[in-house]
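Asker: Structure: query_3.cif, mmCIF, C-alpha atoms.
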```cif
data_work
#
loop_
_atom_site.label_atom_id
_atom_site.label_comp_id
_atom_site.auth_asym_id
_atom_site.auth_seq_id
_atom_site.Cartn_x
_atom_site.Cartn_y
_atom_site.Cartn_z
CA MET A 151 0.00 0.00 0.00
CA SER A 152 1.23 3.52 -0.78
CA VAL A 153 -0.02 7.07 -0.98
CA ARG A 154 0.28 9.44 -3.92
CA THR A 155 1.79 12.79 -2.99
CA LEU A 156 1.48 16.39 -4.05
CA GLU A 157 4.64 15.98 -6.11
CA ASP A 158 2.96 13.14 -8.01
CA LEU A 159 0.01 15.41 -8.79
CA LEU A 160 2.23 18.28 -9.90
CA ALA A 161 4.13 15.89 -12.16
CA GLU A 162 0.84 14.84 -13.79
CA GLY A 163 -0.01 18.50 -14.37
CA VAL A 164 -2.59 20.78 -12.73
CA SER A 165 -2.64 23.81 -15.00
CA GLY A 166 -6.24 24.73 -15.68
CA ARG A 167 -7.58 21.97 -13.42
CA GLY A 168 -9.71 22.39 -10.33
CA VAL A 169 -7.95 21.10 -7.21
CA LEU A 170 -9.77 20.68 -3.92
CA VAL A 171 -7.55 21.08 -0.86
CA ARG A 172 -8.67 20.11 2.64
CA SER A 173 -6.62 22.29 4.98
CA ASP A 174 -6.60 22.61 8.74
CA LEU A 175 -7.18 26.33 9.32
CA ASN A 176 -8.77 25.93 12.75
CA VAL A 177 -6.92 28.80 14.43
CA PRO A 178 -7.72 30.37 17.82
CA LEU A 179 -9.68 33.62 17.75
CA ASP A 180 -10.11 36.37 20.33
CA GLY A 181 -12.79 38.89 19.46
CA GLY A 182 -12.52 37.93 15.81
CA GLU A 183 -8.72 38.36 15.79
CA ILE A 184 -6.42 35.43 15.09
CA THR A 185 -4.14 34.89 18.09
CA ASP A 186 -1.98 32.12 16.61
CA PRO A 187 -1.80 31.86 12.79
CA GLY A 188 0.45 28.79 12.91
CA ARG A 189 -1.91 26.47 11.04
CA ILE A 190 -2.50 29.03 8.30
CA VAL A 191 1.22 29.57 7.88
CA ALA A 192 1.81 25.81 7.75
CA SER A 193 -0.99 25.27 5.20
CA ALA A 194 0.09 27.99 2.77
CA PRO A 195 3.01 26.18 1.03
CA THR A 196 0.89 23.37 -0.42
CA ILE A 197 -1.67 25.87 -1.72
CA ALA A 198 1.13 28.06 -3.11
CA LYS A 199 2.62 25.16 -5.09
CA LEU A 200 -0.72 24.50 -6.73
CA VAL A 201 -1.31 28.18 -7.44
CA ASP A 202 2.16 28.61 -8.94
CA THR A 203 1.53 25.72 -11.34
CA GLY A 204 -1.77 27.11 -12.59
CA ALA A 205 -4.38 25.16 -10.64
CA LYS A 206 -7.78 26.56 -9.76
CA VAL A 207 -7.66 25.93 -6.02
CA ILE A 208 -10.72 25.46 -3.83
CA VAL A 209 -9.98 25.12 -0.12
CA THR A 210 -12.25 23.55 2.48
CA ALA A 211 -11.66 23.98 6.21
CA HIS A 212 -13.49 24.33 9.51
CA LEU A 213 -13.25 26.73 12.42
CA GLY A 214 -14.43 25.88 15.91
CA ARG A 215 -17.47 23.74 16.55
CA PRO A 216 -20.56 25.28 14.95
CA LYS A 217 -23.71 23.23 15.38
CA GLY A 218 -24.27 22.42 11.73
CA GLU A 219 -25.52 25.87 10.84
CA PRO A 220 -24.02 29.29 10.00
CA ASP A 221 -22.51 31.18 12.92
CA ALA A 222 -21.07 34.62 12.17
CA ALA A 223 -18.60 34.32 15.05
CA LEU A 224 -17.05 31.27 13.35
CA SER A 225 -16.88 32.59 9.80
CA LEU A 226 -13.64 31.94 7.95
CA ALA A 227 -13.44 35.63 6.92
CA PRO A 228 -10.41 36.43 9.13
CA VAL A 229 -8.76 33.22 7.95
CA ALA A 230 -9.25 34.20 4.29
CA ALA A 231 -7.66 37.58 5.00
CA ARG A 232 -4.61 36.05 6.70
CA LEU A 233 -4.24 33.34 4.06
CA SER A 234 -4.26 36.10 1.43
CA GLU A 235 -1.31 37.69 3.21
CA GLU A 236 0.60 34.41 3.35
CA LEU A 237 0.03 33.67 -0.35
CA GLY A 238 0.52 37.22 -1.54
CA ARG A 239 -2.71 37.05 -3.55
CA ASN A 240 -6.41 37.51 -2.94
CA VAL A 241 -8.24 34.54 -1.48
CA GLN A 242 -11.95 34.72 -2.21
CA LEU A 243 -14.33 33.61 0.53
CA ALA A 244 -17.56 32.01 -0.59
CA GLY A 245 -20.63 33.13 1.31
CA ASP A 246 -21.75 29.53 1.74
CA VAL A 247 -20.39 25.98 1.69
CA VAL A 248 -21.78 24.45 -1.51
CA GLY A 249 -24.59 26.89 -2.28
CA SER A 250 -25.18 29.35 -5.09
CA ASP A 251 -22.36 31.71 -4.13
CA ALA A 252 -19.78 28.92 -3.87
CA LEU A 253 -20.90 27.50 -7.21
CA ALA A 254 -20.82 30.88 -8.96
CA ARG A 255 -17.37 31.72 -7.60
CA ALA A 256 -16.02 28.26 -8.48
CA GLU A 257 -17.24 28.62 -12.06
CA GLY A 258 -15.52 32.00 -12.32
CA LEU A 259 -12.08 30.82 -11.19
CA THR A 260 -9.16 31.28 -13.56
CA ASP A 261 -5.75 29.58 -13.42
CA GLY A 262 -3.95 30.43 -10.15
CA ASP A 263 -7.06 31.64 -8.32
CA VAL A 264 -7.90 30.53 -4.77
CA LEU A 265 -11.40 30.14 -3.35
CA LEU A 266 -12.01 29.33 0.31
CA LEU A 267 -15.41 27.83 1.03
CA GLU A 268 -17.17 29.05 4.15
CA ASN A 269 -16.77 26.98 7.32
CA ILE A 270 -17.46 23.42 6.18
CA ARG A 271 -19.05 22.57 9.53
CA PHE A 272 -21.84 25.07 8.84
CA ASP A 273 -23.28 22.15 6.85
CA PRO A 274 -24.51 19.38 9.20
CA ARG A 275 -23.69 16.72 6.61
CA GLU A 276 -19.96 17.28 7.13
CA THR A 277 -19.92 15.53 10.51
CA SER A 278 -22.96 13.29 10.00
CA LYS A 279 -22.72 9.65 11.10
CA ASP A 280 -24.94 8.78 8.12
CA ASP A 281 -22.75 7.67 5.20
CA ALA A 282 -25.35 8.74 2.63
CA GLU A 283 -25.59 12.27 4.03
CA ARG A 284 -21.83 12.73 4.02
CA ALA A 285 -21.60 11.31 0.50
CA GLN A 286 -24.22 13.80 -0.66
CA LEU A 287 -22.19 16.74 0.64
CA ALA A 288 -18.98 15.28 -0.78
CA ALA A 289 -20.59 15.03 -4.22
CA ALA A 290 -21.64 18.68 -4.05
CA ILE A 291 -18.10 19.73 -3.08
CA VAL A 292 -16.59 17.67 -5.90
CA GLU A 293 -18.95 19.33 -8.37
CA LEU A 294 -17.18 22.62 -7.64
CA VAL A 295 -13.83 21.39 -9.03
CA GLY A 296 -15.18 19.68 -12.16
CA ASP A 297 -14.73 16.37 -13.90
CA ASP A 298 -10.93 16.54 -14.19
CA GLY A 299 -10.45 17.69 -10.60
CA ALA A 300 -8.18 16.27 -7.91
CA PHE A 301 -8.17 16.19 -4.11
CA VAL A 302 -5.22 17.07 -1.89
CA SER A 303 -5.51 16.14 1.79
CA ASP A 304 -3.35 18.61 3.68
CA GLY A 305 -5.03 18.95 7.08
CA PHE A 306 -3.38 16.36 9.31
CA GLY A 307 -5.32 17.68 12.30
CA VAL A 308 -8.53 16.24 10.83
CA VAL A 309 -7.40 12.96 9.25
CA HIS A 310 -8.69 11.03 12.26
CA ARG A 311 -12.23 12.16 11.38
CA LYS A 312 -14.49 10.28 8.99
CA GLN A 313 -16.02 13.46 7.61
CA ALA A 314 -17.25 14.49 4.18
CA SER A 315 -14.43 16.91 3.33
CA VAL A 316 -11.76 14.58 4.72
CA TYR A 317 -12.85 11.05 3.86
CA ASP A 318 -15.77 10.96 1.43
CA VAL A 319 -14.37 13.39 -1.17
CA ALA A 320 -11.25 11.23 -1.38
CA LYS A 321 -13.41 8.38 -2.64
CA LEU A 322 -14.73 10.52 -5.50
CA LEU A 323 -11.58 12.19 -6.83
CA PRO A 324 -7.99 11.17 -7.57
CA SER A 325 -6.47 11.82 -4.14
CA TYR A 326 -3.05 12.89 -2.91
CA ALA A 327 -1.32 13.67 0.39
CA GLY A 328 -0.26 17.29 0.67
CA ASP A 329 3.19 18.25 1.94
CA LEU A 330 1.89 18.93 5.44
CA VAL A 331 0.25 15.51 5.77
CA ALA A 332 3.22 13.71 4.22
CA THR A 333 5.61 15.45 6.61
CA GLU A 334 3.48 14.66 9.67
CA VAL A 335 3.33 10.98 8.74
CA GLU A 336 7.09 10.87 8.28
CA VAL A 337 7.67 12.55 11.67
CA LEU A 338 5.23 10.29 13.51
CA ARG A 339 6.67 7.16 11.93
CA LYS A 340 10.05 8.24 13.25
CA LEU A 341 8.63 8.74 16.76
CA SER A 342 6.89 5.36 16.63
CA SER A 343 9.94 3.48 15.40
CA SER A 344 12.01 1.23 17.61
CA ASP A 345 14.99 2.76 15.82
CA ALA A 346 14.44 6.24 17.31
CA GLU A 347 17.74 7.57 18.62
CA ARG A 348 18.15 7.22 22.37
CA PRO A 349 17.79 8.46 25.00
CA TYR A 350 14.16 8.97 23.95
CA ALA A 351 12.07 11.27 26.15
CA VAL A 352 8.35 12.03 25.98
CA VAL A 353 6.82 14.99 27.81
CA LEU A 354 3.06 14.89 28.32
CA GLY A 355 0.91 17.60 29.84
CA GLY A 356 -2.61 18.88 29.46
CA SER A 357 -5.60 18.40 31.67
CA LYS A 358 -6.81 14.80 31.55
CA VAL A 359 -5.12 11.42 31.87
CA SER A 360 -7.94 9.90 29.83
CA ASP A 361 -6.98 12.06 26.84
CA LYS A 362 -3.40 10.75 26.88
CA LEU A 363 -3.92 7.21 28.20
CA GLY A 364 -3.58 5.57 24.80
CA VAL A 365 -0.34 7.34 23.96
CA ILE A 366 1.10 6.59 27.42
CA GLU A 367 0.40 2.88 26.95
CA ALA A 368 1.78 2.94 23.40
CA LEU A 369 4.99 4.87 24.09
CA ALA A 370 5.95 3.87 27.64
CA PRO A 371 7.40 0.53 26.47
CA LYS A 372 9.42 2.30 23.73
CA VAL A 373 10.95 5.28 25.53
CA ASP A 374 13.55 5.86 28.22
CA THR A 375 11.71 8.64 30.03
CA LEU A 376 8.07 9.70 30.15
CA VAL A 377 7.68 13.04 31.93
CA ILE A 378 4.20 13.99 33.11
CA GLY A 379 3.10 17.50 34.03
CA GLY A 380 0.02 19.68 33.64
CA GLY A 381 -3.36 18.92 35.17
CA MET A 382 -3.05 15.22 34.37
CA ALA A 383 -0.19 14.91 36.86
CA PHE A 384 -2.55 15.35 39.82
CA THR A 385 -4.39 12.11 39.16
CA PHE A 386 -1.04 10.32 39.26
CA ILE A 387 -0.04 12.16 42.43
CA LYS A 388 -3.35 11.22 44.03
CA ALA A 389 -2.73 7.63 42.95
CA GLN A 390 0.48 7.75 45.00
CA GLY A 391 -1.56 8.65 48.06
CA SER A 392 -0.93 12.39 48.36
CA PRO A 393 -3.76 14.96 48.67
CA VAL A 394 -4.05 17.46 45.80
CA GLY A 395 -6.57 19.94 47.21
CA ASP A 396 -8.93 21.31 44.58
CA SER A 397 -6.63 20.52 41.64
CA LEU A 398 -7.98 19.11 38.42
CA MET A 399 -8.17 15.37 39.00
CA GLN A 400 -9.98 12.36 37.50
CA GLU A 401 -11.23 10.16 40.32
CA ASP A 402 -12.19 7.37 37.93
CA MET A 403 -8.65 7.19 36.57
CA ILE A 404 -6.82 6.73 39.88
CA ASP A 405 -6.69 2.94 39.65
CA THR A 406 -5.50 3.19 36.05
CA CYS A 407 -2.69 5.52 37.12
CA LYS A 408 -1.71 3.12 39.91
CA GLY A 409 -1.46 0.36 37.32
CA LEU A 410 0.68 2.52 35.02
CA LEU A 411 3.01 3.43 37.88
CA ASP A 412 3.35 -0.22 38.87
CA LYS A 413 4.14 -1.25 35.31
CA TYR A 414 6.24 1.69 34.13
CA GLY A 415 7.54 3.18 37.37
CA ASP A 416 11.09 3.16 36.06
CA VAL A 417 10.06 5.24 33.02
CA ILE A 418 7.38 7.64 34.33
CA HIS A 419 8.65 10.81 36.01
CA LEU A 420 6.18 12.88 38.06
CA PRO A 421 6.55 16.36 39.58
CA HIS A 422 8.34 16.60 42.93
CA ASP A 423 6.94 20.02 43.77
CA ILE A 424 3.94 22.06 42.69
CA VAL A 425 3.00 25.74 42.47
CA VAL A 426 -0.25 25.92 44.44
CA ALA A 427 -2.70 28.81 43.93
CA ASP A 428 -5.53 29.95 46.17
CA LYS A 429 -7.72 30.54 43.11
CA PHE A 430 -7.72 30.09 39.34
CA ALA A 431 -6.64 33.59 38.40
CA ALA A 432 -3.63 35.49 37.11
CA ASP A 433 -3.30 37.37 40.43
CA ALA A 434 -3.66 34.34 42.70
CA ASP A 435 -1.53 34.01 45.81
CA THR A 436 0.87 31.09 45.49
CA SER A 437 2.95 28.70 47.54
CA ILE A 438 5.15 25.69 46.81
CA ALA A 439 4.15 22.22 48.00
CA THR A 440 6.01 18.94 47.67
CA THR A 441 4.13 16.10 46.06
CA ALA A 442 5.34 13.74 48.78
CA ASP A 443 3.36 15.73 51.37
CA GLY A 444 0.64 17.02 49.03
CA PHE A 445 -1.69 19.87 49.93
CA GLU A 446 -5.18 19.94 51.39
CA SER A 447 -6.36 23.28 49.99
CA GLY A 448 -5.76 25.35 46.88
CA MET A 449 -5.11 24.08 43.37
CA GLY A 450 -1.92 23.17 41.54
CA LEU A 451 -1.47 25.33 38.45
CA ASP A 452 2.15 24.62 37.52
CA ILE A 453 5.06 22.34 38.26
CA GLY A 454 7.45 23.71 40.87
CA PRO A 455 10.99 25.05 40.39
CA GLY A 456 12.64 21.86 41.64
CA THR A 457 10.65 19.79 39.18
CA VAL A 458 11.50 22.16 36.33
CA GLU A 459 15.19 21.60 36.98
CA ARG A 460 14.81 17.81 37.31
CA PHE A 461 12.79 17.57 34.09
CA ALA A 462 15.19 19.91 32.28
CA THR A 463 18.18 17.76 33.27
CA VAL A 464 16.53 14.69 31.74
CA LEU A 465 15.52 16.51 28.58
CA ARG A 466 18.88 18.14 27.95
CA GLY A 467 20.42 14.70 27.65
CA ALA A 468 17.80 13.25 25.30
CA LYS A 469 18.37 12.60 21.59
CA THR A 470 14.69 12.16 20.60
CA ILE A 471 11.97 14.24 22.28
CA PHE A 472 8.20 14.36 21.80
CA TRP A 473 6.35 17.06 23.75
CA ASN A 474 2.57 17.22 23.89
CA GLY A 475 0.80 19.39 26.45
CA PRO A 476 1.91 22.34 28.61
CA SER A 477 3.18 21.82 32.16
CA GLY A 478 0.93 24.45 33.72
CA VAL A 479 -1.56 27.20 33.03
CA PHE A 480 0.87 29.06 30.78
CA GLU A 481 -1.79 31.61 29.82
CA PHE A 482 -1.18 33.20 33.24
CA GLU A 483 2.39 34.51 33.47
CA LYS A 484 2.67 33.45 37.11
CA PHE A 485 2.11 29.82 36.08
CA ALA A 486 4.13 29.75 32.85
CA GLU A 487 7.54 28.96 34.30
CA GLY A 488 7.12 25.18 34.16
CA THR A 489 6.20 25.21 30.49
CA ARG A 490 8.95 27.73 29.79
CA GLY A 491 11.55 25.58 31.55
CA VAL A 492 10.52 22.46 29.64
CA ALA A 493 10.52 24.34 26.33
CA GLU A 494 13.94 25.88 26.92
CA ALA A 495 15.43 22.51 27.87
CA ILE A 496 14.08 20.99 24.64
CA VAL A 497 15.48 23.91 22.65
CA GLU A 498 18.88 23.36 24.25
CA ALA A 499 18.76 19.65 23.46
CA THR A 500 17.76 20.41 19.86
CA ARG A 501 20.67 22.79 19.54
CA GLY A 502 22.89 19.92 20.67
CA GLY A 503 21.59 17.62 17.93
CA ALA A 504 18.42 16.10 19.40
CA TYR A 505 15.38 15.47 17.20
CA SER A 506 12.48 17.34 18.83
CA VAL A 507 8.80 17.33 17.98
CA VAL A 508 6.26 19.66 19.56
CA GLY A 509 2.70 18.35 19.47
CA GLY A 510 0.03 20.62 18.05
CA GLY A 511 -2.69 22.53 19.87
CA ASP A 512 -1.79 23.94 23.27
CA SER A 513 1.87 22.93 23.02
CA ALA A 514 2.40 24.93 19.83
CA ALA A 515 0.38 27.83 21.25
CA ALA A 516 2.56 27.78 24.37
CA VAL A 517 5.76 27.92 22.34
CA ARG A 518 4.54 30.97 20.46
CA ALA A 519 3.11 32.63 23.58
CA LEU A 520 6.53 32.28 25.20
CA GLY A 521 8.16 33.93 22.20
CA ILE A 522 10.20 30.90 21.17
CA PRO A 523 10.66 30.66 17.38
CA ASP A 524 9.31 27.57 15.63
CA GLU A 525 12.76 26.97 14.16
CA ALA A 526 14.17 26.22 17.61
CA PHE A 527 12.56 22.76 17.37
CA SER A 528 12.98 20.08 14.73
CA HIS A 529 9.25 20.03 13.99
CA ILE A 530 6.09 21.66 15.32
CA SER A 531 3.10 19.48 14.57
CA THR A 532 -0.30 20.71 13.43
CA GLY A 533 -1.81 17.35 14.27
CA GLY A 534 -3.21 17.58 17.80
CA GLY A 535 -5.51 14.65 18.51
CA ALA A 536 -4.73 13.03 15.16
CA SER A 537 -1.05 12.80 16.09
CA LEU A 538 -1.86 11.11 19.37
CA GLU A 539 -4.15 8.60 17.68
CA TYR A 540 -1.45 7.79 15.14
CA LEU A 541 1.08 7.20 17.92
CA GLU A 542 -1.45 4.97 19.67
CA GLY A 543 -1.46 2.80 16.55
CA LYS A 544 -5.01 3.61 15.47
CA GLN A 545 -6.13 3.59 11.84
CA LEU A 546 -6.92 7.14 10.70
CA PRO A 547 -9.74 7.24 8.11
CA GLY A 548 -8.36 10.30 6.34
CA LEU A 549 -5.07 8.48 5.74
CA THR A 550 -6.34 5.02 4.90
CA VAL A 551 -8.66 6.44 2.24
CA LEU A 552 -5.62 7.88 0.44
CA GLU A 553 -3.90 4.51 0.12
CA VAL A 554 -3.61 2.93 -3.30
CA VAL A 555 -2.88 -0.71 -4.05
CA GLU A 556 0.19 -1.16 -6.23
#
```
So that I can check it, write out the structure of this file as structure tokens.
Answerer:
Amino acid sequence: MSVRTLEDLLAEGVSGRGVLVRSDLNVPLDGGEITDPGRIVASAPTIAKLVDTGAKVIVTAHLGRPKGEPDAALSLAPVAARLSEELGRNVQLAGDVVGSDALARAEGLTDGDVLLLENIRFDPRETSKDDAERAQLAAAIVELVGDDGAFVSDGFGVVHRKQASVYDVAKLLPSYAGDLVATEVEVLRKLSSSDAERPYAVVLGGSKVSDKLGVIEALAPKVDTLVIGGGMAFTFIKAQGSPVGDSLMQEDMIDTCKGLLDKYGDVIHLPHDIVVADKFAADADTSIATTADGFESGMGLDIGPGTVERFATVLRGAKTIFWNGPSGVFEFEKFAEGTRGVAEAIVEATRGGAYSVVGGGDSAAAVRALGIPDEAFSHISTGGGASLEYLEGKQLPGLTVLEVVE
């Protein structure tokens, strides 16, 4: 089994042809302003290659979680404006998904033009569990690019979804993996391989153990060190018998964490001290508590300074590093030091020759919020949940549908 790539499509020729691109442009907004354009920046090169070779490019993407109907707050208008800047050319935004405006604009495209359809999730058929409903939407999307069209899957962050613009369109058009998807697969294969250069360290953060359980179970047998921070650490700390006050904690996962510690105690590294706040706020009063003693009141919002140094020592010596999830509530400056310390240790290791991968979502947002350039790491993923599912060994519908039998 193999997958055709963007280079294969370009070699076949795209001048004058309609090419549908599924991108991941799901960027964070604050009052209608894009706060982290990382996914737009990452998506632009594939689109630019198609534009430069004369394709008529139609892009589909989603933003947020609309409830299957138009929502002005989740319009792709700001995304179209920023994508125009990245490409150095106007990106039209259709006023609908596959309606009269989208059809009229698609018919009017000339070679090198780019049309962005409105938020694909404004149409309830995109995420429908009914195969026929999704197929109906996919057929309408395909109609926009014409009989000699092609499909380029370039949104790795959505390939774990069996959705119309990700999965069903690929069954109707000659389909190819865009550069972003191809690169993500290559990176994740490297992280999954038993040949990854050692020492191999994984840093996991975020709020819930349940969100990362699969990747813990998949990677713990393969790595030398698995560092756990963020809100998920408190369920592990509770599993060790220490009180964690009002910290985020999953009671129903305590026994699971005990089992993981019993099985992988030589690999899993937990915080030794915690920054405890009296409230969830930027101006909270703080204290430092050891995890051996725990704390009866307050909530842990960051790993402590001793833990930062311990984790950093491990990471500086690693040769392969995968980081997914911040170590604390980095959005509040007072609780950003743990994430900053982890990030700086990974940067130092990378500078010394380590291969470092930053998971998408909050990890990438944290890097940029801390002012660390993307180039300081070997790779910053746009994958998010899709990356974790790949590392868990799951089949991703948006990838399997691209496979061709040779």
Asker: With all atoms listed in the file as the basis for distance, which of A:Gly509, A:Pro324, A:Gly450, A:Pro187 is at the shortest distance from Leu170 of chain A?
Answerer: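 Checking each of A:Gly509, A:Pro324, A:Gly450, A:Pro187 against Leu170 of chain A, counting all atoms listed in the file, the winner is A:Pro324.
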Asker: Can you list what the PyMOL selection byres ((chain A and resi 163-168) around 8) grabs from this structure, as a ChimeraX atom specification?
Answerer: /A:159-162,169-170,200,203-208,260-261,294-296,298-300
Asker: For the file shown, report as a PyMOL selection string the outcome of the PyMOL selection byres ((chain A and resi 244-250) around 6) at residue level.
Answerer: chain A and resi 243+251-253+267-268+270
Asker: Around the point (-7.0, 24.1, 43.4) (coordinates from the file), which residues reach within 9 Å if we count all atoms listed in the file? Answer as number ranges by chain.
Answerer: A: 394-398, 426-430, 447-451
Asker: Between atom CA of Ala462 of chain A and atom CA of Ile496 of chain A, what is the distance, to one decimal in Å?
Answerer: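 According to the coordinates, atom CA of Ala462 of chain A and atom CA of Ile496 of chain A are separated by 7.8 Å.
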Asker: Return the single residue from A:Asp318, A:Asp416, A:Asp186, A:Glu542 that is closest to Ala289 of chain A, with distances computed using all atoms listed in the file.
Answerer: A:Asp318
Asker: List the neighbours of segment 236-241 of chain A out to 7 Å using only C-alpha atoms; skip same-chain residues closer than 4 positions along the sequence, and give me the result as a CSV table (one decimal) with C-alpha atoms, keeping the file's coordinate frame.
Answerer:
```csv
chain,number,residue,atom,x,y,z
A,191,VAL,CA,1.2,29.6,7.9
A,194,ALA,CA,0.1,28.0,2.8
A,198,ALA,CA,1.1,28.1,-3.1
A,230,ALA,CA,-9.2,34.2,4.3
A,232,ARG,CA,-4.6,36.0,6.7
A,264,VAL,CA,-7.9,30.5,-4.8
A,265,LEU,CA,-11.4,30.1,-3.4
A,266,LEU,CA,-12.0,29.3,0.3
```
Asker: Tell me, as a list in words, which residues lie within 10 Å of Ile184 of chain A, counting only C-alpha atoms; anything in the same chain fewer than 4 positions away does not count.
Answerer: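 What passes the distance filter is Val177, Pro178, Leu179, Asp180, Gly188, Pro228, Val229 and Arg232 of chain A.
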Asker: As a check of understanding, name the residues that the PyMOL selection byres ((chain A and resi 333) around 12) selects in the supplied structure, as a ChimeraX atom specification.
Answerer: /A:155-156,192-193,196,304-306,327-332,334-340,507,528-533,537
Asker: List the neighbours of Val365 of chain A out to 10 Å using all atoms listed in the file; skip same-chain residues closer than 5 positions along the sequence, and give me the result as a CSV table (one decimal) with C-alpha atoms, keeping the file's coordinate frame.
Answerer:
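What landed in out37.csv:
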```csv
chain,number,residue,atom,x,y,z
A,354,LEU,CA,3.1,14.9,28.3
A,360,SER,CA,-7.9,9.9,29.8
A,370,ALA,CA,6.0,3.9,27.6
A,537,SER,CA,-1.0,12.8,16.1
A,538,LEU,CA,-1.9,11.1,19.4
A,539,GLU,CA,-4.2,8.6,17.7
A,540,TYR,CA,-1.4,7.8,15.1
A,541,LEU,CA,1.1,7.2,17.9
A,542,GLU,CA,-1.4,5.0,19.7
A,543,GLY,CA,-1.5,2.8,16.6
```
Asker: Counting all atoms listed in the file, what is within 12 Å of Val497 of chain A, bar same-chain residues fewer than 2 positions away, as number ranges by chain?
Answerer: A: 462, 465-471, 473, 490-495, 499-508, 517, 522-529
Asker: Between atom CA of Asp281 of chain A and atom CA of His310 of chain A, what distance in Å does the model show, to one decimal?
Answerer: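 Separation between atom CA of Asp281 of chain A and atom CA of His310 of chain A: 16.1 Å.
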Asker: What is the atom CA of Leu376 of chain A-atom CA of Tyr414 of chain A distance in Å, reported with one decimal?
Answerer: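 Computed distance, atom CA of Leu376 of chain A to atom CA of Tyr414 of chain A, equals 9.1 Å.
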Asker: If we count only C-alpha atoms and set the cut-off at 10 Å, which residues sit around Ile438 of chain A, ignoring sequence neighbours fewer than 3 positions away in its own chain? Please answer as a PyMOL selection string.
Answerer: chain A and resi 423-427+441+445+450+452-456
Asker: Please write a file for segment 426-437 of chain A, taken from the block I just shared, that holds N, CA, C and O atoms and is laid out as a PDB file, in the first residue's frame.
Answerer:
```pdb
ATOM      1  N   VAL A 426       1.143  26.003  44.002  1.00  0.00           N
ATOM      2  CA  VAL A 426      -0.246  25.921  44.443  1.00  0.00           C
ATOM      3  C   VAL A 426      -0.840  27.328  44.520  1.00  0.00           C
ATOM      4  O   VAL A 426      -0.236  28.242  45.090  1.00  0.00           O
ATOM      5  N   ALA A 427      -2.017  27.511  43.942  1.00  0.00           N
ATOM      6  CA  ALA A 427      -2.699  28.812  43.929  1.00  0.00           C
ATOM      7  C   ALA A 427      -3.945  28.757  44.794  1.00  0.00           C
ATOM      8  O   ALA A 427      -4.572  27.701  44.932  1.00  0.00           O
ATOM      9  N   ASP A 428      -4.316  29.914  45.348  1.00  0.00           N
ATOM     10  CA  ASP A 428      -5.532  29.948  46.171  1.00  0.00           C
ATOM     11  C   ASP A 428      -6.790  30.114  45.325  1.00  0.00           C
ATOM     12  O   ASP A 428      -7.906  29.961  45.819  1.00  0.00           O
ATOM     13  N   LYS A 429      -6.589  30.416  44.029  1.00  0.00           N
ATOM     14  CA  LYS A 429      -7.721  30.536  43.108  1.00  0.00           C
ATOM     15  C   LYS A 429      -7.199  30.438  41.684  1.00  0.00           C
ATOM     16  O   LYS A 429      -5.989  30.581  41.437  1.00  0.00           O
ATOM     17  N   PHE A 430      -8.101  30.172  40.746  1.00  0.00           N
ATOM     18  CA  PHE A 430      -7.716  30.086  39.342  1.00  0.00           C
ATOM     19  C   PHE A 430      -7.775  31.484  38.750  1.00  0.00           C
ATOM     20  O   PHE A 430      -8.789  31.920  38.194  1.00  0.00           O
ATOM     21  N   ALA A 431      -6.680  32.213  38.876  1.00  0.00           N
ATOM     22  CA  ALA A 431      -6.638  33.593  38.401  1.00  0.00           C
ATOM     23  C   ALA A 431      -5.195  34.026  38.235  1.00  0.00           C
ATOM     24  O   ALA A 431      -4.291  33.493  38.888  1.00  0.00           O
ATOM     25  N   ALA A 432      -4.977  35.011  37.380  1.00  0.00           N
ATOM     26  CA  ALA A 432      -3.631  35.493  37.111  1.00  0.00           C
ATOM     27  C   ALA A 432      -3.002  36.123  38.343  1.00  0.00           C
ATOM     28  O   ALA A 432      -1.777  36.129  38.494  1.00  0.00           O
ATOM     29  N   ASP A 433      -3.833  36.685  39.242  1.00  0.00           N
ATOM     30  CA  ASP A 433      -3.302  37.365  40.430  1.00  0.00           C
ATOM     31  C   ASP A 433      -3.418  36.520  41.695  1.00  0.00           C
ATOM     32  O   ASP A 433      -3.401  37.043  42.814  1.00  0.00           O
ATOM     33  N   ALA A 434      -3.526  35.213  41.547  1.00  0.00           N
ATOM     34  CA  ALA A 434      -3.665  34.336  42.704  1.00  0.00           C
ATOM     35  C   ALA A 434      -2.432  34.387  43.589  1.00  0.00           C
ATOM     36  O   ALA A 434      -1.313  34.622  43.133  1.00  0.00           O
ATOM     37  N   ASP A 435      -2.645  34.177  44.885  1.00  0.00           N
ATOM     38  CA  ASP A 435      -1.526  34.005  45.807  1.00  0.00           C
ATOM     39  C   ASP A 435      -1.019  32.575  45.661  1.00  0.00           C
ATOM     40  O   ASP A 435      -1.806  31.631  45.489  1.00  0.00           O
ATOM     41  N   THR A 436       0.297  32.404  45.749  1.00  0.00           N
ATOM     42  CA  THR A 436       0.867  31.086  45.487  1.00  0.00           C
ATOM     43  C   THR A 436       1.789  30.609  46.605  1.00  0.00           C
ATOM     44  O   THR A 436       2.280  31.409  47.406  1.00  0.00           O
ATOM     45  N   SER A 437       1.985  29.315  46.635  1.00  0.00           N
ATOM     46  CA  SER A 437       2.953  28.697  47.539  1.00  0.00           C
ATOM     47  C   SER A 437       3.492  27.460  46.836  1.00  0.00           C
ATOM     48  O   SER A 437       2.957  27.025  45.818  1.00  0.00           O
TER      49      SER A 437
END
```
